[in-house]
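This report concerns only the one structure given below.
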Amino acid sequence: MCTNEVVFRIAPTLQKYDWGKIGNDSTVAQLAAGADIPGFVLDKSTPYAELWMGTHVKSPSGVIGSNLDLPQTLAINPHLIGSYVSSKFPTSKGNLPFLFKVLSINKALSVQTHPDKRTAEQLHATQPTIYTDDNHKPEMAIALTDFRGLCGFLPIPEIQSYLRSVPEFRTLVSDEIAESFLSAEGSGEREQLQTLFSALMQADTDIAKHKLAQLTERYNAESEKSEIKYLVLALNKQHPGDVGVFCAFMLNYVKLNAGQAIFLGAGEPHAYVSGDIIECMANSDNVIRAGLTPKSKDIPNLLSGLTYKAAPWLDHMVSPLVSPSSPTITYDPPVPDFTVLAIDLKHAGTESHRPIHGPSIAIATEGSGSISWDNNTKSLELKPGNVTFIGADVSVSFQTAANLTVYRAYVE
């Protein structure tokens, strides 16, 4: 399909992973109901975890009214991606540099990391059925609701405090490793962190289950519950006996309000715990797992690829760029693959965007309105779940008679 349209509706795809929120409790399901997904009927007992918008080979978006999917359409219409982006990224097969998602998280995802570009190429070459593409996967999460997650290593003094105060954690690693970490300082901290985390994630499975049983029994018996205790008990309820529960003593516990965002580069350990988010990443599905999952684990590659940077979770925050005269907020992470705009029209009005020198995808999440282009001579209705592709170098306007919220991912 060679198209003269530079803005058109696309159909996202659904991922029904077991950690997703159930039925209509899932924001993903609510948006899917309005997304024109062929054959979609909401099942009240099904988990709806992710809504994908993009060209990834695993689950490419469709094009409404066409027999071709989005990458096929872009491959024969390269002007929609634009020469500027195509000169910087491999787009010859209609591949966008980014993948755009909505996630609804009911229980903790796996303790995981994502590879850098070189590692991704090696993993894809040697294990293509597990690592289905050769791209890196830096990612940004923007909270739609209250969000909780484990992200990045805690500062060293905080891990040392847990090692001293939680005997079940300390005895899961050797006395030598524990003592070395407790005395770690300066340039030796990274090496000691790597040694400690490696010992934890490679601990004997039966011993880990026993120590976790002891820990949860103690926490349940204690009348005074702290945040860390509630977290450990919740993670163990979701993933009984999994050594990944002990990551609560080594990773930052992140709490985001709606509108706040974090960025995770290659080699940063994380496990999303709960909430609904907009997520944008480089166009990849490469996940290296090590805990809190029944799926295949790849502990050696996870351990070898981590940065072992210990820092407060605020270091992962993305500060949005806000203009008092505009309803558009910009989330611009430190990678060239993607940027996300949040358009929040709270009252009747119009928000115009300059031509972007690359492709973009927009999803309406609240309210109603329209997107117009070609000097406002063409338009498409926008309601929650509607997903629109916008070609390179096209100026667009978003309009509403009441209120409208749209998230737009782009690259240029």
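Following the order of the structure tokens, first chain is A, next is B, and so on, with residues numbered from 1 inside each chain and ligands from 1 in the order they appear.
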
For this session: Step one, run DSSP on the backbone; step two, keep only residues of stretch 75-281 of chain A assigned to alpha helix (DSSP H); then write them as a ChimeraX atom specification.
Result: /A:75,83-86,117-126,156-165,167-170,175-182,189-201,205-221,227-238

For this session: Extract, using only C-alpha atoms, all DNA, RNA and protein residues at most 12 Å from stretch 342-346 of chain A, discarding same-chain residues fewer than 3 positions from it, and format them as an NGL selection string.
Result: :A and (142-144 or 258-261 or 278 or 320-323 or 325-332 or 339 or 349-353 or 361-371 or 397-410)

Do you have, as a tab-separated table, the list of residues of stretch 75-185 of chain A lying at most 7 Å from stretch 3-19 of chain A, each with its nearest atom pair and that distance in Å to one decimal, counting only C-alpha atoms and ordered by chain then number?
```
residue	atom	partner	partner_atom	distance
A:Asn77	CA	A:Thr3	CA	7.0
A:Leu80	CA	A:Val6	CA	6.6
A:Ile105	CA	A:Trp19	CA	6.1
A:Asn106	CA	A:Trp19	CA	5.6
A:Lys107	CA	A:Trp19	CA	5.0
A:Ala108	CA	A:Trp19	CA	6.7
A:Leu109	CA	A:Trp19	CA	6.6
```

Pull N, CA and C atoms from the residues just selected and write them as an mmCIF file, in the first residue's frame.
```cif
data_model
loop_
_atom_site.group_PDB
_atom_site.id
_atom_site.type_symbol
_atom_site.label_atom_id
_atom_site.label_comp_id
_atom_site.auth_asym_id
_atom_site.auth_seq_id
_atom_site.Cartn_x
_atom_site.Cartn_y
_atom_site.Cartn_z
ATOM 1 N N ASN A 77 6.933 3.192 2.000
ATOM 2 C CA ASN A 77 6.693 4.636 2.079
ATOM 3 C C ASN A 77 7.763 5.274 2.969
ATOM 4 N N LEU A 80 7.693 8.563 5.125
ATOM 5 C CA LEU A 80 6.999 8.691 6.408
ATOM 6 C C LEU A 80 7.965 8.644 7.579
ATOM 7 N N ILE A 105 0.450 -3.131 35.630
ATOM 8 C CA ILE A 105 1.222 -4.090 36.429
ATOM 9 C C ILE A 105 0.458 -4.453 37.695
ATOM 10 N N ASN A 106 0.100 -5.729 37.799
ATOM 11 C CA ASN A 106 -0.632 -6.224 38.959
ATOM 12 C C ASN A 106 0.289 -6.907 39.960
ATOM 13 N N LYS A 107 1.329 -7.566 39.458
ATOM 14 C CA LYS A 107 2.322 -8.167 40.340
ATOM 15 C C LYS A 107 3.701 -7.992 39.731
ATOM 16 N N ALA A 108 4.724 -8.160 40.559
ATOM 17 C CA ALA A 108 6.077 -7.784 40.168
ATOM 18 C C ALA A 108 6.555 -8.525 38.926
ATOM 19 N N LEU A 109 7.185 -7.763 38.029
ATOM 20 C CA LEU A 109 7.879 -8.349 36.884
ATOM 21 C C LEU A 109 9.206 -8.933 37.356
#
```

For this session: Using atom CA of A:Phe153 and atom CA of A:Gln127 as the two end points, give the distance in Å to one decimal.
Result: 27.7 Å

For this session: Would you kindly return, as JSON, numbers by chain, each protein, DNA or RNA residue with an atom no farther than 6 Å from any atom of A:His270, considering only C-alpha atoms and excluding same-chain residues fewer than 4 positions away?
Result: {"A": [111, 112, 150, 151]}

Keeping only N, CA and C atoms, write those residues as a compact mmCIF listing (two decimals), in the first residue's frame.
```txt
# COMPACT_ATOMS: atom_id res chain seq x y z
N VAL A 111 13.17 -9.61 38.02
CA VAL A 111 14.40 -8.85 38.19
C VAL A 111 15.17 -9.01 36.88
N GLN A 112 15.46 -7.90 36.23
CA GLN A 112 15.97 -7.97 34.87
C GLN A 112 16.89 -6.80 34.56
N LEU A 150 11.43 -1.63 41.71
CA LEU A 150 12.81 -1.74 42.16
C LEU A 150 13.70 -1.32 40.99
N CYS A 151 14.51 -0.30 41.19
CA CYS A 151 15.27 0.26 40.07
C CYS A 151 16.66 0.73 40.52
```

Exercise. As a list in words, which residues of stretch 154-322 of chain A does DSSP assign to strand (DSSP E)?
Worked result: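 Taking stretch 154-322 of chain A and keeping strand (DSSP E) only, one gets Leu251, Asn252, Tyr253, Val254, Lys255, Leu256, Ala261, Ile262, Phe263, Leu264, His270, Ala271, Tyr272, Val273, Ser274, Gly275, Asp276, Ile277, Ile278, Glu279, Cys280, Met281, Ala282, Ile288, Arg289, Ala290, Gly291, Leu321 and Val322 of chain A.
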
Report as JSON lines: every residue of stretch 128-206 of chain A with an atom at most 12 Å from stretch 280-302 of chain A, its closest pair of atoms, and their distance in Å to one decimal, counting only C-alpha atoms, with rows sorted by chain and ascending residue number.
```
{"residue": "A:Pro128", "atom": "CA", "partner": "A:Asn286", "partner_atom": "CA", "distance": 10.3}
{"residue": "A:Thr129", "atom": "CA", "partner": "A:Asn286", "partner_atom": "CA", "distance": 10.8}
{"residue": "A:Ile130", "atom": "CA", "partner": "A:Asn286", "partner_atom": "CA", "distance": 8.1}
{"residue": "A:Tyr131", "atom": "CA", "partner": "A:Asn286", "partner_atom": "CA", "distance": 5.4}
{"residue": "A:Thr132", "atom": "CA", "partner": "A:Asn286", "partner_atom": "CA", "distance": 6.9}
{"residue": "A:Asp133", "atom": "CA", "partner": "A:Ser284", "partner_atom": "CA", "distance": 6.4}
{"residue": "A:Asp134", "atom": "CA", "partner": "A:Ser284", "partner_atom": "CA", "distance": 7.7}
{"residue": "A:Asn135", "atom": "CA", "partner": "A:Ser284", "partner_atom": "CA", "distance": 5.6}
{"residue": "A:His136", "atom": "CA", "partner": "A:Ser284", "partner_atom": "CA", "distance": 6.5}
{"residue": "A:Lys137", "atom": "CA", "partner": "A:Ala282", "partner_atom": "CA", "distance": 5.0}
{"residue": "A:Pro138", "atom": "CA", "partner": "A:Met281", "partner_atom": "CA", "distance": 5.6}
{"residue": "A:Glu139", "atom": "CA", "partner": "A:Met281", "partner_atom": "CA", "distance": 4.1}
{"residue": "A:Met140", "atom": "CA", "partner": "A:Cys280", "partner_atom": "CA", "distance": 5.4}
{"residue": "A:Ala141", "atom": "CA", "partner": "A:Cys280", "partner_atom": "CA", "distance": 6.7}
{"residue": "A:Ile142", "atom": "CA", "partner": "A:Cys280", "partner_atom": "CA", "distance": 8.6}
{"residue": "A:Ala143", "atom": "CA", "partner": "A:Cys280", "partner_atom": "CA", "distance": 11.8}
{"residue": "A:Leu150", "atom": "CA", "partner": "A:Leu292", "partner_atom": "CA", "distance": 11.6}
{"residue": "A:Gln194", "atom": "CA", "partner": "A:Leu302", "partner_atom": "CA", "distance": 11.3}
{"residue": "A:Phe197", "atom": "CA", "partner": "A:Leu302", "partner_atom": "CA", "distance": 10.8}
{"residue": "A:Ser198", "atom": "CA", "partner": "A:Ile299", "partner_atom": "CA", "distance": 8.7}
{"residue": "A:Ala199", "atom": "CA", "partner": "A:Ile299", "partner_atom": "CA", "distance": 11.0}
{"residue": "A:Leu200", "atom": "CA", "partner": "A:Gly291", "partner_atom": "CA", "distance": 10.7}
{"residue": "A:Met201", "atom": "CA", "partner": "A:Ala290", "partner_atom": "CA", "distance": 7.2}
{"residue": "A:Gln202", "atom": "CA", "partner": "A:Ile299", "partner_atom": "CA", "distance": 7.6}
{"residue": "A:Ala203", "atom": "CA", "partner": "A:Ile299", "partner_atom": "CA", "distance": 11.2}
{"residue": "A:Thr205", "atom": "CA", "partner": "A:Gly291", "partner_atom": "CA", "distance": 11.3}
```

For this session: Considering only C-alpha atoms, return as a PyMOL selection string whatever protein or nucleic-acid residues lie within 6 Å of stretch 309-319 of chain A, sequence-local ones (same chain, fewer than 3 positions apart) excluded.
Result: chain A and resi 153-155+252+261-263

For this session: State, in Å with one decimal place, the distance from atom CA of A:Ser104 to atom CA of A:Lys21.
Result: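 One can read the atom CA of A:Ser104 to atom CA of A:Lys21 distance as 5.6 Å.
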
For this session: Go through A:Ala208, A:Ile156, A:Leu341, A:Val335 one by one, measure the shortest atom-to-atom distance of each to A:Leu251 using only C-alpha atoms, and give the residue with the smallest value.
Result: A:Ile156

Exercise. Of the residues A:Gly152, A:Val166, A:Tyr308, A:Ser110, which is the one nearest to A:Ile228, using only C-alpha atoms?
Worked result: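 Smallest separation from A:Ile228 among the options: A:Val166.
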
Seminar exercise, completed: Taken to one decimal, the atom CA of A:Val232-atom CA of A:Lys211 distance is 12.5 Å

Could you make a table, as CSV, of the residues of stretch 139-256 of chain A that have an atom within 7 Å of an atom of stretch 273-276 of chain A, each with its nearest atom pair and distance in Å to one decimal, counting only C-alpha atoms, in chain and number order?
```
residue,atom,partner,partner_atom,distance
A:Ala143,CA,A:Asp276,CA,6.2
A:Leu144,CA,A:Asp276,CA,5.4
A:Thr145,CA,A:Asp276,CA,5.4
A:Asp146,CA,A:Gly275,CA,5.7
A:Phe147,CA,A:Gly275,CA,4.4
A:Arg148,CA,A:Ser274,CA,5.2
A:Gly149,CA,A:Val273,CA,4.6
```

Problem set entry | Best match for closeness to A:Pro333 among A:Asn386, A:Val411, A:Ala348, A:Gln30, counting only C-alpha atoms | A:Val411
